[in-house]
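First the structure, in the form of structure tokens, and then the observations on it.
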Amino acid sequence: MQTGAQGQPTNGKEEQVTTGAESLEEEFMWEEYLEETGATAAPHTIFRHVEVSLQSSFQPGMKLEVASKSRPETYWVATIITTCGQLLLLRYSGYGDDRRADFWCDVMTAQLHAVGWCAQNHKTLTPPEENFYLRTAIREKYSDWTEFLVQDLTGSRTAPASLLEGPLRGKNTVDLIVAGSVLELQNLSDPLLYWPVRVVQNVGGRLRLRPVGLSERHRAQDTWLFYLDVRLRPLGWALENQLTLEPPAELRPLLGDRDWQQALQDAQADGQEDALPLEVFKDHADLPRHAFRAGMKLEMVSPWEQLLIRPVSVTKVYSDTYFQVTLDDLCADAAPRSAVCHANSPGILPVQWCLKNGVALERPRGYEGPDFDWADYLKQSGSEAAPDTCFPDTGHTRGFAEDMWLEAVNPARPEEVCVARVSQVRGRLLWLRLEGVLQPRSECIVDVESMDVFPVGWCEANSYPLTPPLRPACQKQKKIAVVQPEKQSAPPAEAPPAIACQPVAMDTAANGRYCCSRVFVNHRCFSGPYLNKGRIAELPRAVGPGKCSLVLKELLSMLINAAYKPGRVLKELQQLQEPGWDSQEETLKAKYKGKTYRSTVRIVRLAEQIPDFCRKVCVKLQCCPNLLGPDLRADSCPENCSVQTKTKYTYYYGKKRRLSKAVDGDEAKPARRRRKRKAIFVQKKRRSSNMDSTAAGSPQDSDEEEDEELMQSCSEGSSSEPRDDQTDASSVEATGGGGGRPRRAATLRRAFSAAAFGSFGSGPFGAAHQPPDGRRRSTRSLSACSQNNRQQHKDVKVEEDGQLVLDRNPLEWSVDEVVKFINSTDCAALANVFKEQDIDGQALLLLTLPTVQECMDLKLGPAIKLCHQIERVKVAFYKQFA
């Protein structure tokens, strides 16, 4: 491995390669961190701005027109009672306070329109014909429907048409703000000046704003604000309130006056063409009037200095809403520093607040005297303290407490959100420790109502990067290098000489035996049924040198990420262990379909065991034994695997009953195979392509079926993946260090007591599955009998009058018989799930809809279809055997 000028590893192209523990750093997960540290997350409900952002744009009391169920061409007015996401609970007008006929509607699918839509589109507006109660009640009080509607709709709020039709249909308030939307932003130093800004990014309501007229090269001037901030207003608000539209003074030199004017005209045109719905601003708080007068003094968290609270003075009153405070500085050469405030500004505090709450108050610059005393200071300056009535409730903590954890914006870098801990709470102020930021910028003070703090998981929910806590120094010392693949036309024919392991900040206990050189990934070798050939080709050529356990953990993590179904590979690796290995347990994880699975895998610690370990991994994954190893294989693999077909290769190396021969290096002789009829293959291929019921590497009932399946899969050079709609029941979260494979069927039996069996029937049912000595009869012993007598029991079921008739008690069915039954139904795509989870007849009869959804990770539709087939077996069982 080459090194650069700074001693850092390079990839031969003078490009520095990321090394150190950071290359192996796992993704930060709040659940694990809170569990390991015993920390407490701040409750979600105390973040008021986040709770408001999750509310629906529809409000209770809004009225709309909804189509009648019996006659969709007719409509009637309904009132929104409550909301749940995109679901609305409606009540027809005329029911008053009677809630007996309330009904739910999905905004995305129901025929809902704004009031007045029927008149515009010549639709009939009449009470539903099937609702005799409603029609009678209205007829008794009013002469016709029109008179009733006029009275009912007078003074009421109607649901906006933009939320019922078009691209904004059914969206929450925060989702109505899209990239390109235009708003008006108040000037930070003058509250009477505004300028339009364009939304560049919306992260869960936290907006990245750019002044109109500026481009991407001016991104340093972007501002981050939550959409509920009082500085944000709809386009046109400034002119309506006789305020000035003017670019900030610090930005004015960036463009000419003509360019600024043109940018303003373009923004106004865009805003009129695609205006933000007014619902965006429905939750903006109206600022109360303040009672501050010029000359009053108060305490304030300094906006210019970190963690300091200083005396300030009111120096200007703009209006009954805004005033200006200036930092007290008694030095002759002091430059005034001022900030605009309002009555609810965070950080303004009454005089003596610091003294009452045990917080240090920073004395003004130039103040003479050993101790600062407010009484003397006010007397010397001839000023008065602002009364407590001028301030918001300074003792309201909203439920925050010390050592609570949350996510907070880094004041030094507004685009960064960090893991934070509440170090102390004083009144309505929180002292936060930003765990992912280096000192001295690692602490800040925020108000409990700040919109720069968020609950645990907010970044993950909005797909935004979160800065994790800094790792201890002892973990940073564990370093290995990841060597990137070199781009060259022909790989070297011979393996480069092994590089002696350098003692790079290893643990003190580590020596030459626990440290290895590089472990290679031979991209051209056969990848097997579990690994994606294309993803394998993207992996680094080698990992190492470094500590054995770290190198192998990184290597296995890369293999898992290169799999078609990472959970399946993780499950296979969990079973990897040998009695003679000097190994240690490491936790690996796999991500699949948005879920994360973890398992404990045993990894060898000694360098001399790495060749055997890599070979066992390859055999376990049914790939070429030379795919991984300490030797670099260019085009000459001893197994000649690159020229063999997947079917032929897997026949020798993929069968578990032939693993011992494959590992020992003995050449296995292929068994005699019956010549398959073409019609059988075509029929099976058609079923597989339509239902996507099999995947490469899945266990089948016989050698012939497995060979047929492998023939259908892609060729050796292909990198195509199985479809994602296949249920991966094997990707279960495994526990334990390397025991047997988890069996969900056994879990089902333990979950249901004898009383659960009684729900199927009493008396004969219990006797049917419990032998006299009280022990459960094993059904696994029937598997061999089922395999040998497959032809005798070819027809497991017979249809009579549309009902299922069984020729054998389903309590005695083996796993293979259950799989055979599922294959004969319209749920054949799930047969492998039953095979993987070892579900026999007893477990089959215990399955219910909730159990199927939870244990098999199925959506509602496939789960209902599967439960229908299971109910057929249950009914036949009741009639024939119970």
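Residues are referred to by chain and number: the chain letter is A, B, ... according to the order shown in the structure tokens, the number counts from 1 in that chain, and ligands are numbered separately from 1 in the order shown.
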
Test item: residues at most 6 Å from Asp328 of chain A, only C-alpha atoms, excluding those fewer than 3 positions along its chain, as number ranges by chain
A: 311-312, 364

Run DSSP on the backbone and tell me which residues of segment 172-258 of chain A come out as strand (DSSP E or B); list them as a PyMOL selection string.
chain A and resi 172+182-186+193-203+206-211+223-226+232-234+244-245

Residues from the last selection, C-alpha atoms, saved as a PDB file, in the first residue's frame:
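What follows is the written file out20.pdb:
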```
ATOM      1  CA  ASN A 172     -50.347  18.418   5.498  1.00  0.00           C
ATOM      2  CA  VAL A 182     -41.845  32.548  -2.551  1.00  0.00           C
ATOM      3  CA  LEU A 183     -42.336  34.225   0.831  1.00  0.00           C
ATOM      4  CA  GLU A 184     -41.386  37.543   2.375  1.00  0.00           C
ATOM      5  CA  LEU A 185     -38.683  37.708   5.062  1.00  0.00           C
ATOM      6  CA  GLN A 186     -38.335  40.455   7.639  1.00  0.00           C
ATOM      7  CA  LEU A 193     -38.101  46.229   5.878  1.00  0.00           C
ATOM      8  CA  TYR A 194     -38.932  43.013   4.002  1.00  0.00           C
ATOM      9  CA  TRP A 195     -37.567  41.214   0.951  1.00  0.00           C
ATOM     10  CA  PRO A 196     -38.868  38.150  -0.927  1.00  0.00           C
ATOM     11  CA  VAL A 197     -37.045  34.850  -0.437  1.00  0.00           C
ATOM     12  CA  ARG A 198     -37.357  31.612  -2.360  1.00  0.00           C
ATOM     13  CA  VAL A 199     -37.576  28.189  -0.706  1.00  0.00           C
ATOM     14  CA  VAL A 200     -34.570  26.100  -1.699  1.00  0.00           C
ATOM     15  CA  GLN A 201     -35.264  23.159   0.619  1.00  0.00           C
ATOM     16  CA  ASN A 202     -38.027  22.104   2.998  1.00  0.00           C
ATOM     17  CA  VAL A 203     -36.946  19.702   5.742  1.00  0.00           C
ATOM     18  CA  ARG A 206     -37.444  23.875   8.414  1.00  0.00           C
ATOM     19  CA  LEU A 207     -36.859  26.003   5.350  1.00  0.00           C
ATOM     20  CA  ARG A 208     -33.660  26.905   3.599  1.00  0.00           C
ATOM     21  CA  LEU A 209     -34.345  30.354   2.143  1.00  0.00           C
ATOM     22  CA  ARG A 210     -32.438  32.349  -0.457  1.00  0.00           C
ATOM     23  CA  PRO A 211     -33.095  36.052  -1.221  1.00  0.00           C
ATOM     24  CA  THR A 223     -31.070  31.501   5.850  1.00  0.00           C
ATOM     25  CA  TRP A 224     -32.587  28.563   7.760  1.00  0.00           C
ATOM     26  CA  LEU A 225     -35.920  29.236   9.506  1.00  0.00           C
ATOM     27  CA  PHE A 226     -38.852  27.123  10.619  1.00  0.00           C
ATOM     28  CA  LEU A 232     -41.891  34.929   7.532  1.00  0.00           C
ATOM     29  CA  ARG A 233     -44.969  36.346   5.804  1.00  0.00           C
ATOM     30  CA  PRO A 234     -46.913  35.534   2.614  1.00  0.00           C
ATOM     31  CA  THR A 244     -40.935  48.636   2.516  1.00  0.00           C
ATOM     32  CA  LEU A 245     -39.614  45.974   0.144  1.00  0.00           C
TER      33      LEU A 245
END
```

Phe47 of chain A surroundings by only C-alpha atoms, 9 Å radius, close-in-sequence under 3 positions cut, as an MDAnalysis selection string:
chainID A and resid 42:44 50:52 398 448:451 453:455

I need the chosen residues saved as a JSON list (two decimals), in the first residue's frame, with C-alpha atoms.
```json
[["chain", "number", "residue", "atom", "x", "y", "z"],
["A", 42, "ALA", "CA", -37.34, 14.50, 25.55],
["A", 43, "PRO", "CA", -41.07, 13.81, 24.97],
["A", 44, "HIS", "CA", -42.25, 14.62, 21.48],
["A", 50, "VAL", "CA", -43.15, 20.12, 15.46],
["A", 51, "GLU", "CA", -46.56, 18.99, 16.70],
["A", 52, "VAL", "CA", -48.22, 21.84, 14.82],
["A", 398, "ARG", "CA", -42.70, 23.00, 29.07],
["A", 448, "VAL", "CA", -37.99, 26.32, 25.58],
["A", 449, "GLU", "CA", -40.09, 27.71, 22.70],
["A", 450, "SER", "CA", -37.14, 27.70, 20.29],
["A", 451, "MET", "CA", -37.83, 26.34, 16.83],
["A", 453, "VAL", "CA", -34.71, 22.12, 18.74],
["A", 454, "PHE", "CA", -36.41, 18.90, 17.63],
["A", 455, "PRO", "CA", -37.40, 15.57, 19.16]]
```

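The nearest approach to Met296 of chain A among the residues A:Leu845, A:Ala385, A:Leu378, A:Ile46, with only C-alpha atoms taken into account, belongs to A:Ala385.
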
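With only C-alpha atoms taken into account, the protein and nucleic acid residues at most 10 Å from Ala39 of chain A (excluding it and anything under 6 positions from it in its own chain) are Tyr33, Asp403, Met404, Trp405 and Arg421 of chain A.
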
Need to verify the contact set: Pro387 of chain A, 12 Å, only C-alpha atoms, exclusion of same-chain residues closer than 3 positions in sequence. Can you return it as a list of chain:residue names?
A:His290, A:Ala291, A:Phe292, A:Arg293, A:Met296, A:Lys297, A:Leu298, A:Glu299, A:Leu349, A:Pro350, A:Val351, A:Gln352, A:Trp353, A:Glu384, A:Cys390, A:Phe391, A:Pro392
